[in-house]
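As structure tokens, the structure follows; a few thoughts come after it.
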Amino acid sequence: MALLEIRDLHLTMQSFQGTAHVLNGIDLTVGHGEIWGLVGETGCGKSLTGLSVSRLVATPPARYPRGEIRFAGRNLLDATEEEMRSLRGRRIGMIFQDPATNLNPAFRVGEQLVDVALHAARHEPSLLGAPSSRRALRAAAHDLAVEMLDRMGIPDAAARVHDYPHQFSGGMRQRVLIALALIGQPDLLIADEPTTALDVSVQAQILRLIHGIVRDRGLAVLFITHNLGVVAQLCSHVAVMYAGNIVEAGRARSVLKHPMHPYTRALLSSVPAAGTRRGSLRGLAGAVPDLVHPPAGCRFASRCAQAEPGCTHTIPPLEGTSDHRIACFVTMRENRVLA
Amino acid sequence: MILEIEAVTKSFDGGRRGLWRRVPKVVALSDVTLSIRRGESFGIVGESGSGKSTLARCILRLEEISSGRILFEGTDLAKLTPRQLQRLRARIQIVFQDPYTSLNPRMSVHDILVEPMEIHRDRLGLGARGRTDRAVEMLERVGLGVQHLYRFPHEFSGGQRQRIGIARALMLRPDFLILDEPTSALDVSVQAQVLNLLHELQAEFGLTYLFISHDLAVIRYICDRLALMHRGRIVERGDAEAIFQRPETEYARTLLAAMPDPDPDRSPFL
């Protein structure tokens with residue numbers, strides 16, 4: 001059994017315009033040691049998929065009419081808030097995009113790390129050993145905080161735990177956030193655009209850090225990003241999302257080297273590469289469909305060059321091998337003809 | 001040469017700490033020298049805080065430089081009278097990074113596009129009708145239509161707003177356009193369209209671009225020559241393709257190596 005199994009997940013959002021169908025049957029399986037890149041453009045539902053796993057989407061306005069999210073076998077959509085709190089920070093770690101707003105400016109970073117460590121230790125006592133007193137417990141948590149910062153490559157960690165977030169640079173703050181996410185020794189890390197706000201050289205360091213932890217500890221990662229270069233470098237697997245659906249998924253190498261879905265192909269050809277002649281970049285005309293009144297059938301059909309009349313009747317299922325699956329009638333049929 | 005920047009230094013005084021102490025001054029640009037040829041796309045690349053945007057603001061004279069000279073077609077910008085400066089500003093325009101904050105939410109597209117022509121109406125000699133016609137013409141040129149003329153910024157997507165920002169910058173038919181991270185707030189598929197639009201407009205209006213970005217792939221795609229900035233200094237400059245293929249300085253090499261390659265076979269973690 002895989003660590004995280006998302007099955008046919010639907011998410012609707014109540015809005016003034018009506019009910020928006022934000023996620024439309026997401027299927028995703030993440031195992032230990034796998035780094036899944038979740039890519040797509042603004043509003044495709046990649047962040048909401050991540051937030052749903054940690055159950056941080058407010059219900060209402062959101063509703064989960066169908067589907068399940070199984071974490072180590074347990075369906076998180078049935079879990080109580082109390083149960084979720086025992087998982088967050090302990091078995092599920094999270095990193096968000098903006099390191100400036102996700103740390104509390106009024107507390108020293110050490111205290112923030114200690115808080116999470118103590119919270120995690122309530123559910124997993126072995127984390128801090130077996131201290132005899134409250135004071136010893138705190139001391140153990142403090143030592144763990146220093147150790148985590150040190151492992152994240154923050155120089156002079158023993159002194160820096162006493163600093164406030166504003167005394168750290170952007171890249172250093174992001175390391176503190178990663179330390180916060182990992183201090184409970186989670187099994188699953190959800191990283192929502194963790195490097196988007198950072199410079200490329202800092203981004204490279206953060207990616208190396210995450211990759212090292214996955215290699216050493218067998219962590220499973222859901223890495224949400226819109227940067228295909230980052231996916232190519234870091235991820236073992238990738239799922240491409242469009243308007244609330246996964247349209248292509250599989251091993252990163254296979255999907256990025258041999259993209260099959262028209263949307264993935266358009267996305268990849270939008271990124272300028274070495275030797276792209278000026279003016280020859282393709283891009284994608286048209287706009288994302290209205291999620292309140294989504295079109296019947298394939299949601300990409302209105303912008304797709306190879307769409308056929310049949311595409312607008314039924315939603316294409318995600319088919320193929322476990323290494324590479326796509327949701328496109330036309331591509332599947334042509335591949336069968338070729339095969 | 002359309003623009004020459006000679007040994008420009010810009011420092012900001014440090015803020016106060018308590019009653020007497022002052023933080024040491026910040027040197028945002030130190031000894032920056034470069035020249036931009038008419039009709040080319042010149043890229044400025046660097047990480048955050050390297051001084052790219054300060055340089056743009058100095059060219060527009062939104063900041064006064066501490067020392068050095070900036071020459072536009074041979075005239076020193078610092079020596080212009082306010083009147084001459086205003087006249088020159090019609091020829092140097094800018095497109096900002098964030099399309100969500102660079103358009104006034106209370107102005108319609110029409111008002112946004114017509115405003116520059118009203119400011120410079122003495123020289124343009126266009127009546128109200130003529131200004132509106134010109135706004136429509138430019139709106140159509142950037143891929144929007146007359147039906148969008150009386151709408152407000154919130155009714156548009158990020159890519160459409162950036163097109164409005166570009167149209168506004170082009171209303172006065174400038175020669176020189178500063179593009180300060182014009183696509184970094186956009187999705188890649190939209191970015192591709194905006195980059196193509198900029199490429200077409202350059203040929204059509206004979207524009208010279210100063211393209212500021214931290215995205216090396218975008219710079220490589222759009223620029224003929226580039227300068228790489230680091231901590232307020234230019235560390236490398238020259239033909240864009242040559243720098244990408246044979247970077248000379250250590251900093252350029254580390255920056256290029258850190259750029260995530262979209263080819264999974266070139267991952268450093270394999």
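We name chains A, B, ... following the order of the structure tokens; residues begin at 1 in each chain, and ligands are numbered from 1 as shown.
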
Restrict the calculation to only C-alpha atoms, then for each residue of region 11-112 of chain B with any atom at most 10 Å from an atom of region 207-213 of chain B give the closest atom pair and their distance in Å to one decimal, rows by chain and rising residue number, as a tab-separated table.
residue	atom	partner	partner_atom	distance
B:Ile36	CA	B:Leu210	CA	8.2
B:Arg37	CA	B:Thr208	CA	7.6
B:Arg38	CA	B:Thr208	CA	5.7
B:Gly39	CA	B:Thr208	CA	4.4
B:Glu40	CA	B:Thr208	CA	5.3
B:Ser41	CA	B:Tyr209	CA	4.5
B:Phe42	CA	B:Leu210	CA	4.9
B:Gly43	CA	B:Phe211	CA	4.6
B:Ile44	CA	B:Ile212	CA	4.7
B:Val45	CA	B:Ser213	CA	5.4
B:Gly46	CA	B:Ser213	CA	7.2
B:Glu47	CA	B:Ser213	CA	8.7
B:Ser48	CA	B:Ser213	CA	9.7
B:Lys52	CA	B:Ile212	CA	6.7
B:Ser53	CA	B:Ile212	CA	7.5
B:Leu55	CA	B:Ile212	CA	9.7
B:Ala56	CA	B:Ile212	CA	8.4
B:Ile92	CA	B:Thr208	CA	9.6
B:Gln93	CA	B:Tyr209	CA	10.0
B:Ile94	CA	B:Leu210	CA	9.3
B:Val95	CA	B:Phe211	CA	9.8
B:Gln97	CA	B:Ser213	CA	9.5

Keeping only N, CA and C atoms, write those residues as a PDB file, in the first residue's frame.
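Below you can see part_32.pdb, which holds the result:
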ATOM      1  N   ILE B  36      23.969  51.164 -25.044  1.00  0.00           N
ATOM      2  CA  ILE B  36      22.932  50.392 -25.715  1.00  0.00           C
ATOM      3  C   ILE B  36      22.741  50.939 -27.118  1.00  0.00           C
ATOM      4  N   ARG B  37      22.770  50.048 -28.106  1.00  0.00           N
ATOM      5  CA  ARG B  37      22.660  50.459 -29.500  1.00  0.00           C
ATOM      6  C   ARG B  37      21.201  50.613 -29.902  1.00  0.00           C
ATOM      7  N   ARG B  38      20.955  51.478 -30.825  1.00  0.00           N
ATOM      8  CA  ARG B  38      19.599  51.688 -31.326  1.00  0.00           C
ATOM      9  C   ARG B  38      19.065  50.401 -31.948  1.00  0.00           C
ATOM     10  N   GLY B  39      17.854  50.037 -31.563  1.00  0.00           N
ATOM     11  CA  GLY B  39      17.185  48.894 -32.176  1.00  0.00           C
ATOM     12  C   GLY B  39      17.528  47.543 -31.582  1.00  0.00           C
ATOM     13  N   GLU B  40      18.401  47.486 -30.605  1.00  0.00           N
ATOM     14  CA  GLU B  40      18.723  46.181 -30.034  1.00  0.00           C
ATOM     15  C   GLU B  40      17.892  45.906 -28.780  1.00  0.00           C
ATOM     16  N   SER B  41      17.979  44.654 -28.320  1.00  0.00           N
ATOM     17  CA  SER B  41      17.403  44.294 -27.030  1.00  0.00           C
ATOM     18  C   SER B  41      18.557  44.038 -26.098  1.00  0.00           C
ATOM     19  N   PHE B  42      18.637  44.866 -25.085  1.00  0.00           N
ATOM     20  CA  PHE B  42      19.740  44.722 -24.145  1.00  0.00           C
ATOM     21  C   PHE B  42      19.183  44.168 -22.840  1.00  0.00           C
ATOM     22  N   GLY B  43      19.738  43.077 -22.355  1.00  0.00           N
ATOM     23  CA  GLY B  43      19.230  42.453 -21.137  1.00  0.00           C
ATOM     24  C   GLY B  43      20.066  42.813 -19.929  1.00  0.00           C
ATOM     25  N   ILE B  44      19.386  43.019 -18.803  1.00  0.00           N
ATOM     26  CA  ILE B  44      20.082  43.175 -17.531  1.00  0.00           C
ATOM     27  C   ILE B  44      19.629  42.025 -16.651  1.00  0.00           C
ATOM     28  N   VAL B  45      20.561  41.181 -16.270  1.00  0.00           N
ATOM     29  CA  VAL B  45      20.232  40.017 -15.458  1.00  0.00           C
ATOM     30  C   VAL B  45      20.897  40.150 -14.110  1.00  0.00           C
ATOM     31  N   GLY B  46      20.252  39.625 -13.105  1.00  0.00           N
ATOM     32  CA  GLY B  46      20.866  39.617 -11.788  1.00  0.00           C
ATOM     33  C   GLY B  46      19.872  39.109 -10.784  1.00  0.00           C
ATOM     34  N   GLU B  47      20.360  38.762  -9.609  1.00  0.00           N
ATOM     35  CA  GLU B  47      19.475  38.248  -8.581  1.00  0.00           C
ATOM     36  C   GLU B  47      18.827  39.420  -7.850  1.00  0.00           C
ATOM     37  N   SER B  48      17.895  39.120  -6.938  1.00  0.00           N
ATOM     38  CA  SER B  48      17.228  40.230  -6.265  1.00  0.00           C
ATOM     39  C   SER B  48      18.245  41.028  -5.454  1.00  0.00           C
ATOM     40  N   LYS B  52      19.301  45.977 -10.488  1.00  0.00           N
ATOM     41  CA  LYS B  52      18.715  46.069 -11.826  1.00  0.00           C
ATOM     42  C   LYS B  52      17.643  47.151 -11.896  1.00  0.00           C
ATOM     43  N   SER B  53      16.709  47.102 -10.943  1.00  0.00           N
ATOM     44  CA  SER B  53      15.603  48.056 -10.995  1.00  0.00           C
ATOM     45  C   SER B  53      16.056  49.465 -10.654  1.00  0.00           C
ATOM     46  N   LEU B  55      18.820  50.754 -11.525  1.00  0.00           N
ATOM     47  CA  LEU B  55      19.386  51.272 -12.760  1.00  0.00           C
ATOM     48  C   LEU B  55      18.268  51.811 -13.662  1.00  0.00           C
ATOM     49  N   ALA B  56      17.177  51.051 -13.772  1.00  0.00           N
ATOM     50  CA  ALA B  56      16.053  51.500 -14.596  1.00  0.00           C
ATOM     51  C   ALA B  56      15.487  52.811 -14.067  1.00  0.00           C
ATOM     52  N   ILE B  92      11.111  57.783 -23.634  1.00  0.00           N
ATOM     53  CA  ILE B  92      11.581  56.661 -22.822  1.00  0.00           C
ATOM     54  C   ILE B  92      10.407  56.209 -21.963  1.00  0.00           C
ATOM     55  N   GLN B  93       9.943  55.013 -22.192  1.00  0.00           N
ATOM     56  CA  GLN B  93       8.784  54.532 -21.445  1.00  0.00           C
ATOM     57  C   GLN B  93       9.126  53.236 -20.739  1.00  0.00           C
ATOM     58  N   ILE B  94       8.245  52.847 -19.810  1.00  0.00           N
ATOM     59  CA  ILE B  94       8.531  51.642 -19.019  1.00  0.00           C
ATOM     60  C   ILE B  94       7.288  50.765 -18.894  1.00  0.00           C
ATOM     61  N   VAL B  95       7.520  49.460 -18.880  1.00  0.00           N
ATOM     62  CA  VAL B  95       6.475  48.489 -18.566  1.00  0.00           C
ATOM     63  C   VAL B  95       6.891  47.836 -17.257  1.00  0.00           C
ATOM     64  N   GLN B  97       6.629  45.356 -13.704  1.00  0.00           N
ATOM     65  CA  GLN B  97       6.555  43.931 -13.455  1.00  0.00           C
ATOM     66  C   GLN B  97       5.148  43.429 -13.165  1.00  0.00           C
TER      67      GLN B  97
END

Chain A residues near chain B (9 Å cut-off, only C-alpha atoms) as a PDB file with C-alpha atoms, in the first residue's frame:
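Contents of result-v1.pdb, freshly written:
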ATOM      1  CA  GLY A  40       0.017  23.467 -13.921  1.00  0.00           C
ATOM      2  CA  GLU A  41      -0.854  27.094 -14.421  1.00  0.00           C
ATOM      3  CA  THR A  42      -2.587  29.515 -12.081  1.00  0.00           C
ATOM      4  CA  LEU A 198      13.798  32.776  -4.298  1.00  0.00           C
ATOM      5  CA  ASP A 199      16.756  33.528  -6.552  1.00  0.00           C
ATOM      6  CA  VAL A 200      18.020  30.690  -8.734  1.00  0.00           C
ATOM      7  CA  SER A 201      21.208  30.123  -6.757  1.00  0.00           C
ATOM      8  CA  VAL A 202      19.250  29.867  -3.494  1.00  0.00           C
ATOM      9  CA  GLN A 203      16.675  27.714  -5.250  1.00  0.00           C
ATOM     10  CA  ALA A 204      19.413  25.288  -6.283  1.00  0.00           C
ATOM     11  CA  GLN A 205      20.533  24.975  -2.653  1.00  0.00           C
ATOM     12  CA  ARG A 208      19.649  19.958  -3.137  1.00  0.00           C
ATOM     13  CA  HIS A 211      16.697  15.869  -2.550  1.00  0.00           C
ATOM     14  CA  HIS A 226       4.711  25.835 -12.090  1.00  0.00           C
ATOM     15  CA  ASN A 227       8.389  25.653 -12.982  1.00  0.00           C
ATOM     16  CA  LEU A 228       9.021  22.760 -15.359  1.00  0.00           C
ATOM     17  CA  GLY A 229      12.778  23.160 -14.981  1.00  0.00           C
ATOM     18  CA  VAL A 230      12.517  22.476 -11.259  1.00  0.00           C
ATOM     19  CA  VAL A 231      10.411  19.385 -11.935  1.00  0.00           C
ATOM     20  CA  ALA A 232      12.950  18.092 -14.438  1.00  0.00           C
ATOM     21  CA  GLN A 233      15.745  18.513 -11.940  1.00  0.00           C
ATOM     22  CA  LEU A 234      14.188  17.299  -8.723  1.00  0.00           C
ATOM     23  CA  CYS A 235      11.145  15.114  -9.290  1.00  0.00           C
ATOM     24  CA  ALA A 252       9.170  12.633 -14.827  1.00  0.00           C
ATOM     25  CA  ARG A 253      11.647  11.468 -17.425  1.00  0.00           C
ATOM     26  CA  LEU A 256       8.970  15.494 -19.909  1.00  0.00           C
ATOM     27  CA  LYS A 257      10.940  13.749 -22.647  1.00  0.00           C
ATOM     28  CA  ALA A 266       1.918  23.274 -25.308  1.00  0.00           C
ATOM     29  CA  LEU A 267       3.219  23.956 -21.813  1.00  0.00           C
ATOM     30  CA  LEU A 268       6.662  22.574 -22.609  1.00  0.00           C
ATOM     31  CA  SER A 269       6.911  24.467 -25.874  1.00  0.00           C
ATOM     32  CA  SER A 270       6.077  27.715 -24.050  1.00  0.00           C
ATOM     33  CA  VAL A 271       9.359  27.603 -22.149  1.00  0.00           C
ATOM     34  CA  PRO A 272      12.207  29.210 -24.067  1.00  0.00           C
ATOM     35  CA  ALA A 273      15.181  26.877 -24.368  1.00  0.00           C
ATOM     36  CA  ALA A 274      18.694  27.324 -25.697  1.00  0.00           C
ATOM     37  CA  GLY A 275      18.464  27.874 -29.411  1.00  0.00           C
ATOM     38  CA  THR A 276      14.772  28.827 -29.532  1.00  0.00           C
ATOM     39  CA  ARG A 277      14.569  31.337 -32.361  1.00  0.00           C
ATOM     40  CA  ARG A 278      13.045  34.678 -31.391  1.00  0.00           C
ATOM     41  CA  GLY A 279       9.356  34.856 -32.257  1.00  0.00           C
ATOM     42  CA  SER A 280       9.018  31.084 -32.572  1.00  0.00           C
ATOM     43  CA  LEU A 281       7.819  30.421 -29.040  1.00  0.00           C
ATOM     44  CA  ARG A 282       4.414  28.785 -29.203  1.00  0.00           C
ATOM     45  CA  GLY A 283       2.377  29.768 -26.170  1.00  0.00           C
ATOM     46  CA  LEU A 284      -1.269  28.863 -25.788  1.00  0.00           C
ATOM     47  CA  ALA A 285      -4.146  30.912 -27.127  1.00  0.00           C
TER      48      ALA A 285
END

Return the single residue from A:Ile95, A:Val255, A:Val247, A:Leu128 that is closest to Leu180 (chain A), with distances computed using only C-alpha atoms.
A:Ile95

May I ask which of the residues A:Leu144, A:Val214, A:Pro99, A:Glu111 is the closest one to Ser169 (chain A), counting only C-alpha atoms?
A:Pro99

For Glu181 (chain B), which residue among B:Arg161, B:Val27, B:Pro99, B:Gly232 is the nearest when counting only C-alpha atoms?
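Going through B:Arg161, B:Val27, B:Pro99, B:Gly232 one by one, the smallest distance to Glu181 (chain B) is for B:Pro99.
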
What does the distance from CA of Met13 (chain A) to CA of Ile69 (chain A) come to in Å, to one decimal?
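Taking CA of Met13 (chain A) as the start and CA of Ile69 (chain A) as the end point, the length is 17.8 Å.
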
Could you give me, as a list in words, each residue of region 21-107 of chain A that DSSP assigns to helix (DSSP H, G or I) when run on this structure's backbone?
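Restricting region 21-107 of chain A to helix (DSSP H, G or I) produces Lys46, Ser47, Leu48, Thr49, Gly50, Leu51, Ser52, Val53, Leu76, Leu77, Asp78, Glu81, Glu82, Glu83, Met84, Arg85, Ser86 and Leu87 of chain A.
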
Can you spit out the residues from that selection as a PDB file, in the first residue's frame, using N, CA and C atoms?
ATOM      1  N   LYS A  46      -3.743  22.874  -8.328  1.00  0.00           N
ATOM      2  CA  LYS A  46      -2.603  22.141  -7.751  1.00  0.00           C
ATOM      3  C   LYS A  46      -2.422  22.455  -6.265  1.00  0.00           C
ATOM      4  N   SER A  47      -2.575  23.733  -5.895  1.00  0.00           N
ATOM      5  CA  SER A  47      -2.432  24.077  -4.476  1.00  0.00           C
ATOM      6  C   SER A  47      -3.567  23.491  -3.649  1.00  0.00           C
ATOM      7  N   LEU A  48      -4.783  23.511  -4.197  1.00  0.00           N
ATOM      8  CA  LEU A  48      -5.920  22.970  -3.448  1.00  0.00           C
ATOM      9  C   LEU A  48      -5.788  21.469  -3.259  1.00  0.00           C
ATOM     10  N   THR A  49      -5.147  20.786  -4.208  1.00  0.00           N
ATOM     11  CA  THR A  49      -4.892  19.359  -4.017  1.00  0.00           C
ATOM     12  C   THR A  49      -3.966  19.165  -2.824  1.00  0.00           C
ATOM     13  N   GLY A  50      -2.900  19.974  -2.768  1.00  0.00           N
ATOM     14  CA  GLY A  50      -1.964  19.881  -1.649  1.00  0.00           C
ATOM     15  C   GLY A  50      -2.622  20.217  -0.326  1.00  0.00           C
ATOM     16  N   LEU A  51      -3.400  21.303  -0.331  1.00  0.00           N
ATOM     17  CA  LEU A  51      -4.061  21.724   0.905  1.00  0.00           C
ATOM     18  C   LEU A  51      -5.106  20.706   1.356  1.00  0.00           C
ATOM     19  N   SER A  52      -5.728  20.010   0.381  1.00  0.00           N
ATOM     20  CA  SER A  52      -6.739  19.012   0.736  1.00  0.00           C
ATOM     21  C   SER A  52      -6.105  17.861   1.507  1.00  0.00           C
ATOM     22  N   VAL A  53      -4.877  17.489   1.133  1.00  0.00           N
ATOM     23  CA  VAL A  53      -4.211  16.373   1.810  1.00  0.00           C
ATOM     24  C   VAL A  53      -3.991  16.709   3.278  1.00  0.00           C
ATOM     25  N   LEU A  76      -8.510  10.472   5.009  1.00  0.00           N
ATOM     26  CA  LEU A  76      -8.413  11.738   5.735  1.00  0.00           C
ATOM     27  C   LEU A  76      -9.678  12.570   5.638  1.00  0.00           C
ATOM     28  N   LEU A  77     -10.510  12.299   4.625  1.00  0.00           N
ATOM     29  CA  LEU A  77     -11.734  13.086   4.501  1.00  0.00           C
ATOM     30  C   LEU A  77     -12.722  12.749   5.616  1.00  0.00           C
ATOM     31  N   ASP A  78     -12.551  11.580   6.279  1.00  0.00           N
ATOM     32  CA  ASP A  78     -13.407  11.234   7.411  1.00  0.00           C
ATOM     33  C   ASP A  78     -12.781  11.614   8.742  1.00  0.00           C
ATOM     34  N   GLU A  81     -10.971  16.818  13.208  1.00  0.00           N
ATOM     35  CA  GLU A  81      -9.971  17.881  13.273  1.00  0.00           C
ATOM     36  C   GLU A  81      -8.857  17.503  14.266  1.00  0.00           C
ATOM     37  N   GLU A  82      -9.251  16.864  15.344  1.00  0.00           N
ATOM     38  CA  GLU A  82      -8.264  16.463  16.346  1.00  0.00           C
ATOM     39  C   GLU A  82      -7.257  15.473  15.757  1.00  0.00           C
ATOM     40  N   GLU A  83      -7.798  14.548  14.990  1.00  0.00           N
ATOM     41  CA  GLU A  83      -6.939  13.549  14.360  1.00  0.00           C
ATOM     42  C   GLU A  83      -5.990  14.223  13.350  1.00  0.00           C
ATOM     43  N   MET A  84      -6.527  15.177  12.615  1.00  0.00           N
ATOM     44  CA  MET A  84      -5.693  15.886  11.639  1.00  0.00           C
ATOM     45  C   MET A  84      -4.558  16.626  12.337  1.00  0.00           C
ATOM     46  N   ARG A  85      -4.883  17.213  13.472  1.00  0.00           N
ATOM     47  CA  ARG A  85      -3.830  17.960  14.189  1.00  0.00           C
ATOM     48  C   ARG A  85      -2.722  17.040  14.658  1.00  0.00           C
ATOM     49  N   SER A  86      -3.072  15.779  14.937  1.00  0.00           N
ATOM     50  CA  SER A  86      -2.031  14.848  15.354  1.00  0.00           C
ATOM     51  C   SER A  86      -1.152  14.445  14.157  1.00  0.00           C
ATOM     52  N   LEU A  87      -1.664  14.663  12.945  1.00  0.00           N
ATOM     53  CA  LEU A  87      -0.869  14.315  11.760  1.00  0.00           C
ATOM     54  C   LEU A  87      -0.027  15.491  11.272  1.00  0.00           C
TER      55      LEU A  87
END

How far is it from CA of Leu201 (chain B) to CA of Val136 (chain B), in Å with one decimal?
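A separation of 16.0 Å between them.
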
Please compute the CA of Leu103 (chain B)-CA of Met117 (chain B) distance, one decimal, in Å.
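Spanning CA of Leu103 (chain B) to CA of Met117 (chain B) is a straight-line distance of 16.2 Å.
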
Enumerate, in order of chain and increasing residue number, the residues of region 56-132 of chain A with an atom no farther than 12 Å from region 16-33 of chain A, each with its shortest atom pair and distance in Å to one decimal, counting only C-alpha atoms, as a tab-separated table.
residue	atom	partner	partner_atom	distance
A:Pro60	CA	A:Thr19	CA	11.7
A:Pro61	CA	A:Thr19	CA	9.5
A:Ala62	CA	A:Val22	CA	9.3
A:Arg63	CA	A:His21	CA	9.8
A:Tyr64	CA	A:Leu23	CA	9.2
A:Pro65	CA	A:Asn24	CA	10.2
A:Arg66	CA	A:Gly25	CA	8.1
A:Gly67	CA	A:Gly25	CA	7.3
A:Glu68	CA	A:Asp27	CA	9.5
A:Ile69	CA	A:Leu28	CA	9.3
A:Arg70	CA	A:Thr29	CA	9.3
A:Phe71	CA	A:Val30	CA	9.6
A:Ala72	CA	A:Gly31	CA	9.9
A:Gly73	CA	A:Thr29	CA	11.9

Could those residues be written to a file, using C-alpha atoms, as a compact mmCIF listing (two decimals), in the first residue's frame?
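Saved to part00.txt:
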# COMPACT_ATOMS: atom_id res chain seq x y z
CA PRO A 60 -17.64 25.48 3.77
CA PRO A 61 -17.16 27.12 1.26
CA ALA A 62 -15.46 23.96 0.00
CA ARG A 63 -17.16 20.57 -0.20
CA TYR A 64 -15.85 17.12 -1.06
CA PRO A 65 -18.76 15.47 -2.84
CA ARG A 66 -16.81 12.40 -3.95
CA GLY A 67 -13.49 10.66 -3.56
CA GLU A 68 -11.04 9.84 -0.84
CA ILE A 69 -7.56 10.75 0.33
CA ARG A 70 -5.91 7.74 1.94
CA PHE A 71 -2.87 8.44 4.04
CA ALA A 72 -1.26 5.20 5.29
CA GLY A 73 -4.64 3.55 4.68

Could you pull out the strand (DSSP E or B) residues of region 64-134 of chain A, going by DSSP on the backbone, and write them as a list in words?
Glu68, Ile69, Arg70, Phe71, Arg74, Asn75, Arg88, Ile92, Gly93, Met94 and Ile95 of chain A

Could you tell me which of A:Val146, A:Cys304, A:Leu118, A:Val330 comes closest to Arg134 (chain A) if we count only C-alpha atoms?
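Closest candidate: A:Leu118.
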